[in-house]
file final02.cif (mmCIF, C-alpha atoms)
data_my_file
loop_
_atom_site.label_atom_id
_atom_site.label_comp_id
_atom_site.auth_asym_id
_atom_site.auth_seq_id
_atom_site.Cartn_x
_atom_site.Cartn_y
_atom_site.Cartn_z
CA MET A 933 -84.40 -238.96 37.92
CA ASN A 934 -86.14 -241.98 36.40
CA THR A 935 -87.19 -244.33 39.19
CA PRO A 936 -87.07 -247.54 37.07
CA GLU A 937 -83.32 -246.93 36.59
CA LEU A 938 -82.93 -247.33 40.35
CA GLY A 939 -84.38 -250.81 40.16
CA LEU A 940 -87.87 -249.79 41.22
CA PRO A 941 -90.35 -251.26 41.50
CA MET A 942 -88.53 -254.21 43.03
CA PRO A 943 -89.62 -257.39 41.18
CA VAL A 944 -91.19 -259.89 43.57
CA PRO A 945 -92.75 -262.72 41.52
CA ALA A 946 -95.94 -264.36 42.73
CA GLU A 947 -96.87 -267.96 42.10
CA GLY A 948 -99.49 -268.86 39.54
CA LEU A 949 -99.09 -265.83 37.27
CA PRO A 950 -98.08 -265.82 33.60
CA ALA A 951 -94.39 -265.21 32.87
CA ARG A 952 -95.26 -262.75 30.11
CA VAL A 953 -98.22 -260.53 29.36
CA ARG A 954 -99.07 -259.19 25.92
CA ILE A 955 -100.40 -255.65 26.20
CA HIS A 956 -103.04 -254.79 23.63
CA GLU A 957 -102.53 -251.03 23.39
CA VAL A 958 -105.79 -249.20 22.64
CA GLY A 959 -104.85 -245.55 23.20
CA ALA A 960 -104.76 -244.55 19.54
CA ARG A 961 -108.26 -245.92 18.91
CA ASP A 962 -110.29 -246.33 22.09
CA GLY A 963 -108.44 -243.45 23.69
CA LEU A 964 -108.62 -240.82 20.99
CA GLN A 965 -112.16 -241.67 19.85
CA ASN A 966 -113.50 -240.12 23.05
CA GLU A 967 -111.72 -236.79 22.66
CA LYS A 968 -113.89 -233.72 22.17
CA ALA A 969 -111.43 -232.22 19.71
CA THR A 970 -110.23 -234.06 16.63
CA VAL A 971 -106.54 -234.94 16.79
CA PRO A 972 -104.69 -234.25 13.51
CA THR A 973 -103.83 -237.33 11.47
CA ALA A 974 -100.11 -236.55 11.56
CA VAL A 975 -100.20 -236.45 15.38
CA LYS A 976 -102.02 -239.79 15.51
CA ALA A 977 -99.44 -241.35 13.20
CA GLU A 978 -96.57 -240.01 15.29
CA PHE A 979 -98.30 -241.24 18.46
CA ILE A 980 -98.52 -244.77 17.05
CA ARG A 981 -94.91 -244.66 15.87
CA ARG A 982 -93.76 -243.57 19.32
CA LEU A 983 -95.84 -246.32 20.93
CA ALA A 984 -94.20 -248.86 18.63
CA GLY A 985 -90.84 -247.53 19.74
CA THR A 986 -91.61 -248.44 23.36
CA GLY A 987 -91.68 -252.17 22.65
CA LEU A 988 -95.44 -252.57 22.43
CA THR A 989 -96.22 -255.25 19.85
CA THR A 990 -99.99 -254.76 19.42
CA ILE A 991 -101.27 -251.23 18.83
CA GLU A 992 -104.89 -250.76 17.87
CA ALA A 993 -104.72 -248.10 15.20
CA THR A 994 -108.17 -246.84 14.28
CA SER A 995 -111.75 -247.75 13.47
CA PHE A 996 -113.43 -248.00 10.09
CA VAL A 997 -116.79 -246.76 11.31
CA HIS A 998 -119.05 -244.21 9.67
CA PRO A 999 -117.64 -240.71 10.38
CA LYS A 1000 -121.05 -239.58 11.65
CA TRP A 1001 -120.81 -241.95 14.62
CA VAL A 1002 -117.17 -241.44 15.57
CA PRO A 1003 -115.93 -238.27 13.82
CA GLN A 1004 -112.61 -238.39 15.70
CA LEU A 1005 -111.65 -241.46 13.64
CA ALA A 1006 -112.93 -240.27 10.28
CA ASP A 1007 -109.37 -240.20 8.91
CA ALA A 1008 -108.83 -243.98 9.01
CA GLU A 1009 -108.05 -244.19 5.27
CA ASP A 1010 -105.47 -241.42 5.58
CA LEU A 1011 -103.93 -242.70 8.81
CA TYR A 1012 -103.45 -246.40 8.14
CA PRO A 1013 -101.04 -246.06 5.14
CA GLN A 1014 -98.82 -243.78 7.25
CA ILE A 1015 -98.21 -246.50 9.83
CA SER A 1016 -98.65 -249.77 7.93
CA ASP A 1017 -94.89 -250.23 7.59
CA LEU A 1018 -94.41 -250.58 11.36
CA PRO A 1019 -93.19 -254.03 12.52
CA VAL A 1020 -96.09 -254.43 14.98
CA GLU A 1021 -99.64 -255.72 14.82
CA LEU A 1022 -102.08 -252.91 13.97
CA PRO A 1023 -105.64 -254.10 14.66
CA VAL A 1024 -108.54 -251.97 13.41
CA LEU A 1025 -112.19 -251.99 14.38
CA VAL A 1026 -114.65 -252.97 11.61
CA PRO A 1027 -118.33 -252.66 12.63
CA ASN A 1028 -119.77 -254.17 9.44
CA GLU A 1029 -118.92 -255.47 5.98
CA ARG A 1030 -118.41 -251.96 4.60
CA GLY A 1031 -115.85 -251.29 7.33
CA LEU A 1032 -114.15 -254.60 6.57
CA ASP A 1033 -113.92 -253.71 2.88
CA ARG A 1034 -112.27 -250.41 3.72
CA ALA A 1035 -109.77 -252.08 6.07
CA LEU A 1036 -108.87 -254.92 3.71
CA ALA A 1037 -108.36 -252.48 0.84
CA LEU A 1038 -105.53 -250.92 2.87
CA GLY A 1039 -103.95 -254.26 3.74
CA ALA A 1040 -105.17 -254.68 7.32
CA ARG A 1041 -104.69 -258.24 8.64
CA ARG A 1042 -105.95 -257.74 12.19
CA VAL A 1043 -109.59 -256.71 12.58
CA ALA A 1044 -112.05 -256.54 15.45
CA VAL A 1045 -115.82 -256.50 15.85
CA PHE A 1046 -117.56 -254.87 18.80
CA ALA A 1047 -120.44 -256.76 20.41
CA SER A 1048 -122.47 -256.26 23.57
CA ALA A 1049 -123.46 -258.62 26.37
CA THR A 1050 -126.60 -256.57 27.06
CA GLU A 1051 -129.60 -255.62 24.97
CA SER A 1052 -129.59 -252.00 26.13
CA PHE A 1053 -126.04 -251.31 25.01
CA ALA A 1054 -126.50 -253.26 21.77
CA LYS A 1055 -129.39 -250.93 21.01
CA ALA A 1056 -127.47 -247.79 22.01
CA ASN A 1057 -124.25 -248.73 20.21
CA LEU A 1058 -125.44 -250.74 17.21
CA ASN A 1059 -129.18 -250.04 17.02
CA ARG A 1060 -129.74 -253.80 17.05
CA THR A 1061 -130.55 -256.56 19.48
CA VAL A 1062 -127.70 -258.78 20.68
CA ASP A 1063 -128.71 -261.57 18.30
CA GLU A 1064 -129.18 -259.15 15.39
CA SER A 1065 -125.70 -257.76 15.97
CA LEU A 1066 -124.23 -261.28 16.02
CA ALA A 1067 -125.97 -261.97 12.72
CA MET A 1068 -124.43 -258.78 11.32
CA PHE A 1069 -120.96 -259.87 12.44
CA GLU A 1070 -121.22 -263.37 10.93
CA PRO A 1071 -120.34 -262.38 7.35
CA VAL A 1072 -117.72 -259.92 8.62
CA VAL A 1073 -115.87 -262.61 10.55
CA SER A 1074 -116.26 -265.30 7.90
CA ARG A 1075 -115.09 -263.02 5.09
CA ALA A 1076 -112.12 -261.80 7.13
CA LYS A 1077 -111.07 -265.35 7.95
CA GLY A 1078 -111.47 -266.25 4.29
CA GLU A 1079 -108.76 -263.71 3.39
CA GLY A 1080 -106.02 -266.05 4.60
CA ASP A 1081 -104.49 -267.84 7.56
CA ASP A 1082 -102.62 -264.68 8.58
CA VAL A 1083 -105.83 -262.76 9.28
CA ARG A 1084 -107.01 -262.75 12.88
CA VAL A 1085 -110.31 -261.48 14.24
CA ARG A 1086 -110.86 -260.14 17.73
CA GLY A 1087 -114.29 -259.97 19.30
CA TYR A 1088 -114.83 -257.15 21.78
CA LEU A 1089 -117.61 -257.83 24.24
CA SER A 1090 -118.76 -254.77 26.15
CA MET A 1091 -120.81 -254.57 29.37
CA CYS A 1092 -119.54 -257.90 30.71
CA PHE A 1093 -119.84 -256.85 34.35
CA GLY A 1094 -122.40 -254.09 34.58
CA ASP A 1095 -124.65 -251.97 32.37
CA PRO A 1096 -125.74 -248.36 33.03
CA TRP A 1097 -129.35 -249.19 32.07
CA GLU A 1098 -129.67 -252.81 33.24
CA GLY A 1099 -127.38 -252.95 36.28
CA PRO A 1100 -125.56 -256.23 37.06
CA VAL A 1101 -125.08 -258.52 34.06
CA PRO A 1102 -125.75 -262.24 34.72
CA VAL A 1103 -122.70 -264.40 34.08
CA PRO A 1104 -124.58 -266.91 31.86
CA GLN A 1105 -125.65 -264.03 29.63
CA VAL A 1106 -122.01 -263.07 29.06
CA VAL A 1107 -120.95 -266.68 28.53
CA ARG A 1108 -123.63 -267.13 25.85
CA VAL A 1109 -122.42 -264.20 23.76
CA CYS A 1110 -118.77 -265.19 24.22
CA ARG A 1111 -119.52 -268.68 22.93
CA ALA A 1112 -121.44 -267.20 20.00
CA LEU A 1113 -118.51 -264.97 19.02
CA LEU A 1114 -116.10 -267.90 19.14
CA ASP A 1115 -118.52 -270.00 17.10
CA LEU A 1116 -118.57 -267.24 14.47
CA GLY A 1117 -114.82 -267.70 14.14
CA CYS A 1118 -113.29 -265.01 16.37
CA ASP A 1119 -109.74 -265.93 17.38
CA GLU A 1120 -109.71 -263.85 20.56
CA LEU A 1121 -112.23 -262.24 22.88
CA SER A 1122 -111.76 -259.08 24.92
CA LEU A 1123 -113.97 -258.96 28.01
CA GLY A 1124 -114.93 -255.35 28.57
CA ASP A 1125 -115.80 -253.67 31.85
CA THR A 1126 -117.13 -250.74 29.88
CA ILE A 1127 -118.30 -248.60 32.81
CA GLY A 1128 -115.66 -249.77 35.26
CA VAL A 1129 -117.91 -251.38 37.87
CA ALA A 1130 -116.31 -254.83 38.11
CA THR A 1131 -114.58 -256.12 41.24
CA PRO A 1132 -112.07 -258.99 41.50
CA GLY A 1133 -114.55 -261.60 42.72
CA GLN A 1134 -116.78 -260.89 39.75
CA VAL A 1135 -113.83 -261.21 37.37
CA THR A 1136 -112.85 -264.54 38.88
CA ALA A 1137 -116.41 -265.86 38.67
CA LEU A 1138 -116.83 -264.89 35.01
CA LEU A 1139 -113.51 -266.40 33.96
CA ALA A 1140 -114.29 -269.62 35.83
CA ALA A 1141 -117.67 -269.82 34.08
CA LEU A 1142 -116.11 -269.23 30.68
CA THR A 1143 -113.47 -271.90 31.09
CA GLY A 1144 -116.18 -274.21 32.43
CA ALA A 1145 -118.11 -273.59 29.20
CA GLY A 1146 -115.13 -274.66 27.12
CA VAL A 1147 -113.72 -271.23 26.33
CA PRO A 1148 -109.91 -271.54 26.42
CA VAL A 1149 -108.28 -268.95 28.66
CA SER A 1150 -105.65 -268.47 25.93
CA ALA A 1151 -108.39 -266.91 23.78
CA LEU A 1152 -109.35 -264.33 26.40
CA GLY A 1153 -108.15 -260.81 27.04
CA VAL A 1154 -109.48 -258.29 29.55
CA HIS A 1155 -110.35 -254.63 29.10
CA PHE A 1156 -110.91 -252.73 32.32
CA HIS A 1157 -111.93 -249.13 32.91
CA ASP A 1158 -110.82 -247.45 36.11
CA THR A 1159 -114.03 -245.63 37.05
CA TYR A 1160 -113.96 -246.90 40.64
CA GLY A 1161 -110.21 -247.47 40.88
CA GLN A 1162 -110.55 -251.24 40.41
CA ALA A 1163 -108.77 -251.78 37.08
CA LEU A 1164 -105.43 -253.03 38.44
CA ALA A 1165 -107.09 -255.23 41.08
CA ASN A 1166 -109.32 -256.71 38.41
CA THR A 1167 -106.33 -257.26 36.14
CA LEU A 1168 -104.49 -259.14 38.88
CA ALA A 1169 -107.57 -261.33 39.42
CA ALA A 1170 -107.59 -262.13 35.69
CA LEU A 1171 -103.87 -262.95 35.70
CA GLN A 1172 -104.46 -265.36 38.58
CA GLN A 1173 -106.95 -267.18 36.34
CA GLY A 1174 -104.38 -267.52 33.56
CA VAL A 1175 -105.25 -264.55 31.35
CA SER A 1176 -102.14 -263.19 29.63
CA THR A 1177 -103.58 -260.53 27.30
CA VAL A 1178 -104.51 -257.20 28.85
CA ASP A 1179 -105.90 -254.15 27.08
CA ALA A 1180 -104.58 -250.79 28.23
CA SER A 1181 -104.36 -247.22 26.99
CA ALA A 1182 -101.22 -245.11 27.06
CA GLY A 1183 -101.67 -242.33 29.57
CA GLY A 1184 -105.09 -243.66 30.58
CA LEU A 1185 -106.80 -242.07 27.58
CA GLY A 1186 -110.33 -242.96 26.64
CA GLY A 1187 -113.79 -243.98 27.61
CA CYS A 1188 -116.79 -244.86 25.50
CA PRO A 1189 -118.80 -242.34 23.47
CA PHE A 1190 -121.94 -244.48 23.78
CA ALA A 1191 -121.77 -245.00 27.56
CA LYS A 1192 -121.47 -241.65 29.26
CA SER A 1193 -120.56 -243.13 32.65
CA ALA A 1194 -117.46 -244.77 31.20
CA THR A 1195 -114.25 -243.05 32.26
CA GLY A 1196 -110.66 -243.68 31.30
CA ASN A 1197 -109.14 -246.99 30.39
CA LEU A 1198 -106.53 -248.69 32.52
CA ALA A 1199 -103.33 -246.72 31.90
CA THR A 1200 -100.64 -248.74 30.16
CA GLU A 1201 -97.96 -247.22 32.38
CA ASP A 1202 -99.79 -248.23 35.56
CA LEU A 1203 -100.17 -251.74 34.20
CA VAL A 1204 -96.48 -252.00 33.25
CA TRP A 1205 -95.44 -250.77 36.70
CA MET A 1206 -97.53 -253.46 38.41
CA LEU A 1207 -96.39 -256.21 36.05
CA ARG A 1208 -92.75 -255.21 36.47
CA GLY A 1209 -93.18 -255.44 40.23
CA LEU A 1210 -94.59 -258.95 39.80
CA GLY A 1211 -91.63 -260.00 37.68
CA ILE A 1212 -93.84 -260.37 34.58
CA ASP A 1213 -92.24 -259.56 31.23
CA THR A 1214 -93.99 -257.13 28.85
CA GLY A 1215 -91.12 -256.06 26.61
CA VAL A 1216 -92.10 -252.43 27.18
CA ASP A 1217 -89.65 -249.63 27.94
CA LEU A 1218 -91.50 -247.74 30.67
CA GLY A 1219 -89.41 -244.57 30.34
CA ARG A 1220 -90.16 -244.28 26.63
CA LEU A 1221 -93.82 -245.01 27.24
CA VAL A 1222 -94.09 -242.28 29.87
CA ALA A 1223 -92.37 -239.82 27.52
CA THR A 1224 -94.82 -240.74 24.76
CA SER A 1225 -97.83 -240.13 27.01
CA VAL A 1226 -96.40 -236.80 28.20
CA TRP A 1227 -95.94 -235.82 24.55
CA MET A 1228 -99.53 -236.74 23.69
CA ALA A 1229 -100.88 -235.00 26.81
CA ALA A 1230 -99.23 -231.80 25.58
CA HIS A 1231 -101.06 -232.15 22.25
CA LEU A 1232 -104.35 -232.70 24.07
CA GLY A 1233 -103.74 -229.76 26.38
CA ARG A 1234 -104.11 -231.56 29.69
CA PRO A 1235 -102.03 -233.79 31.97
CA SER A 1236 -102.26 -237.57 31.81
CA PRO A 1237 -104.52 -239.16 34.45
CA SER A 1238 -102.06 -242.05 34.82
CA ARG A 1239 -100.55 -242.12 38.32
CA THR A 1240 -97.32 -243.62 36.97
CA VAL A 1241 -96.99 -241.01 34.25
CA ARG A 1242 -97.49 -238.24 36.79
CA ALA A 1243 -95.00 -239.74 39.24
CA LEU A 1244 -92.25 -240.42 36.73
CA SER A 1245 -92.65 -237.28 34.65
CA HIS A 1246 -92.58 -235.18 37.82
CA GLN A 1247 -89.36 -236.86 38.91
CA GLU A 1248 -87.83 -236.32 35.49
CA SER A 1249 -88.73 -232.64 35.29
#
call {"tool": "encode", "arguments": {"input": "final02.cif", "output": "structure tokens"}}
result
Amino acid sequence: MNTPELGLPMPVPAEGLPARVRIHEVGARDGLQNEKATVPTAVKAEFIRRLAGTGLTTIEATSFVHPKWVPQLADAEDLYPQISDLPVELPVLVPNERGLDRALALGARRVAVFASATESFAKANLNRTVDESLAMFEPVVSRAKGEGDDVRVRGYLSMCFGDPWEGPVPVPQVVRVCRALLDLGCDELSLGDTIGVATPGQVTALLAALTGAGVPVSALGVHFHDTYGQALANTLAALQQGVSTVDASAGGLGGCPFAKSATGNLATEDLVWMLRGLGIDTGVDLGRLVATSVWMAAHLGRPSPSRTVRALSHQES
């Protein structure tokens, strides 16, 4: 029996929250890049097609990085043409101008760069300082924006709340890099809790500082990992500050190959369950989403860590 068909969770709207949330689905990229085994291209394509069938409108597809760094996504050129006909946004990660060239050659119109709020992670992930990485992204963003008004660039900012080498990250440090990414021309920023150490008060403080620095809340998304079980609480704190874009990963897949303490992303199903209970529209069919994550879990050979997937798939079995 599928619990949502019984009217559960019961929607009880809360004041001050957005009426609709856009879920930026990252399972096919951020989720699968952390798998030990390489997932076949055909399975990835089917995964993305099934995700599109759930009502998700933004599905991050892959990353045009050097295969040596992320071998799980080495098939980007083969994968993207198999899904490019889908009527959804298909952002791709482009770490440099070479990656941008590869993405544009296949017709990608949504690209993302991946920056760091801390020097330690910038060195580990990009082998550059924070400022050197921003300088590397400048031509990437400007060239992408020069391709036309329909091209949008997302700036990921990792380690916004804590760093495994540096500990707590000062809010002004995060604000500085956010402002720099916007000044480069990024249309949207995703604030990443890469190792999952944030708590709601910290989220509220950072968002207040960003808006105080002139960063529009409409340009902000949040990307929480659930290492300490705080992802949903942190998401609610962000919603209370006006954020209406939330990153999540179907089935809770993923982590970060360059930060070993990073565990799974916020599960899309868990997010949809909470948002449904708050009366917030997502456009996502939860039953189809659960079925998709169960299907992918079978291909990966292990159960989904998502509490909602486990609850609903158990009830349906």
call {"tool": "closest_residue", "arguments": {"input": "final02.cif", "among": "A:Glu947, A:Glu978, A:Asp1158, A:Asp1010", "to": "Asp1202 (chain A)", "atoms": "only C-alpha atoms"}}
result
A:Asp1158
call {"tool": "closest_atom_pairs", "arguments": {"input": "final02.cif", "of": "region 1136-1208 of chain A", "to": "region 952-958 of chain A", "cutoff": "6 Å", "atoms": "only C-alpha atoms", "output": "CSV"}}
result
residue,atom,partner,partner_atom,distance
A:Ser1176,CA,A:Val953,CA,4.7
A:Thr1177,CA,A:Arg954,CA,4.9
A:Val1178,CA,A:Ile955,CA,5.1
A:Asp1179,CA,A:His956,CA,4.5
A:Ala1180,CA,A:Glu957,CA,5.3
A:Ser1181,CA,A:Val958,CA,5.0
call {"tool": "write_last_selection", "arguments": {"input": "final02.cif", "atoms": "C-alpha atoms", "output": "PDB file, in the frame of the given file"}}
result
ATOM      1  CA  SER A1176    -102.140-263.190  29.630  1.00  0.00           C
ATOM      2  CA  THR A1177    -103.580-260.530  27.300  1.00  0.00           C
ATOM      3  CA  VAL A1178    -104.510-257.200  28.850  1.00  0.00           C
ATOM      4  CA  ASP A1179    -105.900-254.150  27.080  1.00  0.00           C
ATOM      5  CA  ALA A1180    -104.580-250.790  28.230  1.00  0.00           C
ATOM      6  CA  SER A1181    -104.360-247.220  26.990  1.00  0.00           C
TER       7      SER A1181
END
call {"tool": "resolve_selection", "arguments": {"input": "final02.cif", "expression": "the PyMOL selection byres ((chain A and resi 1002) around 12)", "output": "VMD selection string"}}
result
chain A and resid 961 to 962 964 to 970 994 to 1001 1003 to 1008 1025 1027 1057 1188 to 1190
call {"tool": "write_last_selection", "arguments": {"input": "final02.cif", "atoms": "C-alpha atoms", "output": "mmCIF file, in the frame of the given file"}}
result
data_model
loop_
_atom_site.group_PDB
_atom_site.id
_atom_site.type_symbol
_atom_site.label_atom_id
_atom_site.label_comp_id
_atom_site.auth_asym_id
_atom_site.auth_seq_id
_atom_site.Cartn_x
_atom_site.Cartn_y
_atom_site.Cartn_z
ATOM 1 C CA ARG A 961 -108.260 -245.920 18.910
ATOM 2 C CA ASP A 962 -110.290 -246.330 22.090
ATOM 3 C CA LEU A 964 -108.620 -240.820 20.990
ATOM 4 C CA GLN A 965 -112.160 -241.670 19.850
ATOM 5 C CA ASN A 966 -113.500 -240.120 23.050
ATOM 6 C CA GLU A 967 -111.720 -236.790 22.660
ATOM 7 C CA LYS A 968 -113.890 -233.720 22.170
ATOM 8 C CA ALA A 969 -111.430 -232.220 19.710
ATOM 9 C CA THR A 970 -110.230 -234.060 16.630
ATOM 10 C CA THR A 994 -108.170 -246.840 14.280
ATOM 11 C CA SER A 995 -111.750 -247.750 13.470
ATOM 12 C CA PHE A 996 -113.430 -248.000 10.090
ATOM 13 C CA VAL A 997 -116.790 -246.760 11.310
ATOM 14 C CA HIS A 998 -119.050 -244.210 9.670
ATOM 15 C CA PRO A 999 -117.640 -240.710 10.380
ATOM 16 C CA LYS A 1000 -121.050 -239.580 11.650
ATOM 17 C CA TRP A 1001 -120.810 -241.950 14.620
ATOM 18 C CA PRO A 1003 -115.930 -238.270 13.820
ATOM 19 C CA GLN A 1004 -112.610 -238.390 15.700
ATOM 20 C CA LEU A 1005 -111.650 -241.460 13.640
ATOM 21 C CA ALA A 1006 -112.930 -240.270 10.280
ATOM 22 C CA ASP A 1007 -109.370 -240.200 8.910
ATOM 23 C CA ALA A 1008 -108.830 -243.980 9.010
ATOM 24 C CA LEU A 1025 -112.190 -251.990 14.380
ATOM 25 C CA PRO A 1027 -118.330 -252.660 12.630
ATOM 26 C CA ASN A 1057 -124.250 -248.730 20.210
ATOM 27 C CA CYS A 1188 -116.790 -244.860 25.500
ATOM 28 C CA PRO A 1189 -118.800 -242.340 23.470
ATOM 29 C CA PHE A 1190 -121.940 -244.480 23.780
#
call {"tool": "closest_atom_pairs", "arguments": {"input": "final02.cif", "of": "region 1100-1164 of chain A", "to": "region 1075-1088 of chain A", "cutoff": "9 Å", "atoms": "only C-alpha atoms", "output": "JSON lines"}}
result
{"residue": "A:Cys1110", "atom": "CA", "partner": "A:Gly1087", "partner_atom": "CA", "distance": 8.5}
{"residue": "A:Leu1113", "atom": "CA", "partner": "A:Gly1087", "partner_atom": "CA", "distance": 6.5}
{"residue": "A:Leu1114", "atom": "CA", "partner": "A:Gly1087", "partner_atom": "CA", "distance": 8.1}
{"residue": "A:Gly1117", "atom": "CA", "partner": "A:Lys1077", "partner_atom": "CA", "distance": 7.6}
{"residue": "A:Cys1118", "atom": "CA", "partner": "A:Val1085", "partner_atom": "CA", "distance": 5.1}
{"residue": "A:Asp1119", "atom": "CA", "partner": "A:Val1085", "partner_atom": "CA", "distance": 5.5}
{"residue": "A:Glu1120", "atom": "CA", "partner": "A:Arg1086", "partner_atom": "CA", "distance": 4.8}
{"residue": "A:Leu1121", "atom": "CA", "partner": "A:Gly1087", "partner_atom": "CA", "distance": 4.7}
{"residue": "A:Ser1122", "atom": "CA", "partner": "A:Tyr1088", "partner_atom": "CA", "distance": 4.8}
{"residue": "A:Leu1123", "atom": "CA", "partner": "A:Tyr1088", "partner_atom": "CA", "distance": 6.5}
{"residue": "A:Gly1124", "atom": "CA", "partner": "A:Tyr1088", "partner_atom": "CA", "distance": 7.0}
{"residue": "A:His1155", "atom": "CA", "partner": "A:Tyr1088", "partner_atom": "CA", "distance": 8.9}
call {"tool": "closest_residue", "arguments": {"input": "final02.cif", "among": "A:Thr1143, A:Ser1236, A:Pro945, A:Leu938", "to": "Arg1208 (chain A)", "atoms": "all atoms listed in the file"}}
result
A:Pro945
call {"tool": "residues_around", "arguments": {"input": "final02.cif", "residues": "Lys976 (chain A)", "least_positions_apart": "6", "cutoff": "9 Å", "atoms": "all atoms listed in the file", "output": "ChimeraX atom specification"}}
result
/A:960,964,993,1011
call {"tool": "closest_residue", "arguments": {"input": "final02.cif", "among": "A:Leu1244, A:Val1147, A:Ala1230, A:Val1103", "to": "Pro941 (chain A)", "atoms": "all atoms listed in the file"}}
result
A:Leu1244
call {"tool": "atom_distance", "arguments": {"input": "final02.cif", "atom1": "CA of Ala1199 (chain A)", "atom2": "CA of Gly1183 (chain A)"}}
result
5.2 Å
call {"tool": "atom_distance", "arguments": {"input": "final02.cif", "atom1": "CA of Met1091 (chain A)", "atom2": "CA of Trp1205 (chain A)"}}
result
26.7 Å
call {"tool": "atom_distance", "arguments": {"input": "final02.cif", "atom1": "CA of Asn1028 (chain A)", "atom2": "CA of Ser1016 (chain A)"}}
result
21.6 Å
call {"tool": "resolve_selection", "arguments": {"input": "final02.cif", "expression": "the PyMOL selection byres ((chain A and resi 1096) around 12)", "output": "list in words"}}
result
Thr1050, Glu1051, Ser1052, Phe1053, Ala1056, Ser1090, Met1091, Cys1092, Phe1093, Gly1094, Asp1095, Trp1097, Glu1098, Gly1099, Pro1100, Val1101, Asp1125, Thr1126, Ile1127, Gly1128, Val1129, Phe1190, Ala1191, Lys1192, Ser1193 and Ala1194 of chain A
call {"tool": "resolve_selection", "arguments": {"input": "final02.cif", "expression": "the PyMOL selection byres ((chain A and resi 1023) around 7)", "output": "PyMOL selection string"}}
result
chain A and resi 991-993+1021-1022+1024-1025+1042-1044
call {"tool": "closest_residue", "arguments": {"input": "final02.cif", "among": "A:Gln1014, A:Thr1061, A:Ser1238, A:Ser1150", "to": "Val1222 (chain A)", "atoms": "all atoms listed in the file"}}
result
A:Ser1238
call {"tool": "residues_near_point", "arguments": {"input": "final02.cif", "point": "(-127.1, -260.5, 13.7)", "cutoff": "12 Å", "atoms": "only C-alpha atoms", "output": "list in words"}}
result
Pro1027, Asn1028, Ala1047, Ser1048, Ala1054, Leu1058, Asn1059, Arg1060, Thr1061, Val1062, Asp1063, Glu1064, Ser1065, Leu1066, Ala1067, Met1068, Phe1069, Glu1070, Pro1071, Val1072, Val1073, Val1109, Ala1112, Leu1113 and Leu1116 of chain A
call {"tool": "closest_residue", "arguments": {"input": "final02.cif", "among": "A:Val971, A:Leu1210, A:Ala1137, A:Leu1018", "to": "Thr990 (chain A)", "atoms": "all atoms listed in the file"}}
result
A:Leu1018
call {"tool": "closest_residue", "arguments": {"input": "final02.cif", "among": "A:Ala1223, A:Glu1009, A:Ala1165, A:Tyr1160", "to": "His1246 (chain A)", "atoms": "all atoms listed in the file"}}
result
A:Ala1223
call {"tool": "residues_near_point", "arguments": {"input": "final02.cif", "point": "(-119.0, -266.4, 34.4)", "cutoff": "7 Å", "atoms": "only C-alpha atoms", "output": "list in words"}}
result
Val1103, Pro1104, Val1106, Val1107, Ala1137, Leu1138, Leu1139, Ala1140, Ala1141 and Leu1142 of chain A
call {"tool": "write_last_selection", "arguments": {"input": "final02.cif", "atoms": "C-alpha atoms", "output": "mmCIF file, in the coordinates of the input"}}
result
data_model
loop_
_atom_site.group_PDB
_atom_site.id
_atom_site.type_symbol
_atom_site.label_atom_id
_atom_site.label_comp_id
_atom_site.auth_asym_id
_atom_site.auth_seq_id
_atom_site.Cartn_x
_atom_site.Cartn_y
_atom_site.Cartn_z
ATOM 1 C CA VAL A 1103 -122.700 -264.400 34.080
ATOM 2 C CA PRO A 1104 -124.580 -266.910 31.860
ATOM 3 C CA VAL A 1106 -122.010 -263.070 29.060
ATOM 4 C CA VAL A 1107 -120.950 -266.680 28.530
ATOM 5 C CA ALA A 1137 -116.410 -265.860 38.670
ATOM 6 C CA LEU A 1138 -116.830 -264.890 35.010
ATOM 7 C CA LEU A 1139 -113.510 -266.400 33.960
ATOM 8 C CA ALA A 1140 -114.290 -269.620 35.830
ATOM 9 C CA ALA A 1141 -117.670 -269.820 34.080
ATOM 10 C CA LEU A 1142 -116.110 -269.230 30.680
#
call {"tool": "decode", "arguments": {"input": "final02.cif", "residues": "region 1085-1092 of chain A", "atoms": "N, CA and C atoms", "output": "PDB file, in the first residue's frame"}}
result
ATOM      1  N   VAL A1085      24.359  29.825 -15.862  1.00  0.00           N
ATOM      2  CA  VAL A1085      25.531  29.279 -15.175  1.00  0.00           C
ATOM      3  C   VAL A1085      25.258  29.231 -13.679  1.00  0.00           C
ATOM      4  N   ARG A1086      25.487  28.071 -13.114  1.00  0.00           N
ATOM      5  CA  ARG A1086      25.353  27.881 -11.667  1.00  0.00           C
ATOM      6  C   ARG A1086      26.742  27.838 -11.052  1.00  0.00           C
ATOM      7  N   GLY A1087      26.887  28.465  -9.898  1.00  0.00           N
ATOM      8  CA  GLY A1087      28.138  28.396  -9.165  1.00  0.00           C
ATOM      9  C   GLY A1087      27.957  27.578  -7.898  1.00  0.00           C
ATOM     10  N   TYR A1088      28.582  26.405  -7.854  1.00  0.00           N
ATOM     11  CA  TYR A1088      28.591  25.622  -6.617  1.00  0.00           C
ATOM     12  C   TYR A1088      29.658  26.186  -5.695  1.00  0.00           C
ATOM     13  N   LEU A1089      29.321  26.326  -4.425  1.00  0.00           N
ATOM     14  CA  LEU A1089      30.313  26.751  -3.449  1.00  0.00           C
ATOM     15  C   LEU A1089      30.349  25.718  -2.328  1.00  0.00           C
ATOM     16  N   SER A1090      31.427  24.980  -2.272  1.00  0.00           N
ATOM     17  CA  SER A1090      31.555  23.921  -1.272  1.00  0.00           C
ATOM     18  C   SER A1090      32.154  24.463   0.021  1.00  0.00           C
ATOM     19  N   MET A1091      32.020  23.674   1.093  1.00  0.00           N
ATOM     20  CA  MET A1091      32.586  23.985   2.404  1.00  0.00           C
ATOM     21  C   MET A1091      32.074  25.317   2.961  1.00  0.00           C
ATOM     22  N   CYS A1092      30.802  25.586   2.805  1.00  0.00           N
ATOM     23  CA  CYS A1092      30.239  26.843   3.293  1.00  0.00           C
ATOM     24  C   CYS A1092      30.059  26.870   4.809  1.00  0.00           C
TER      25      CYS A1092
END
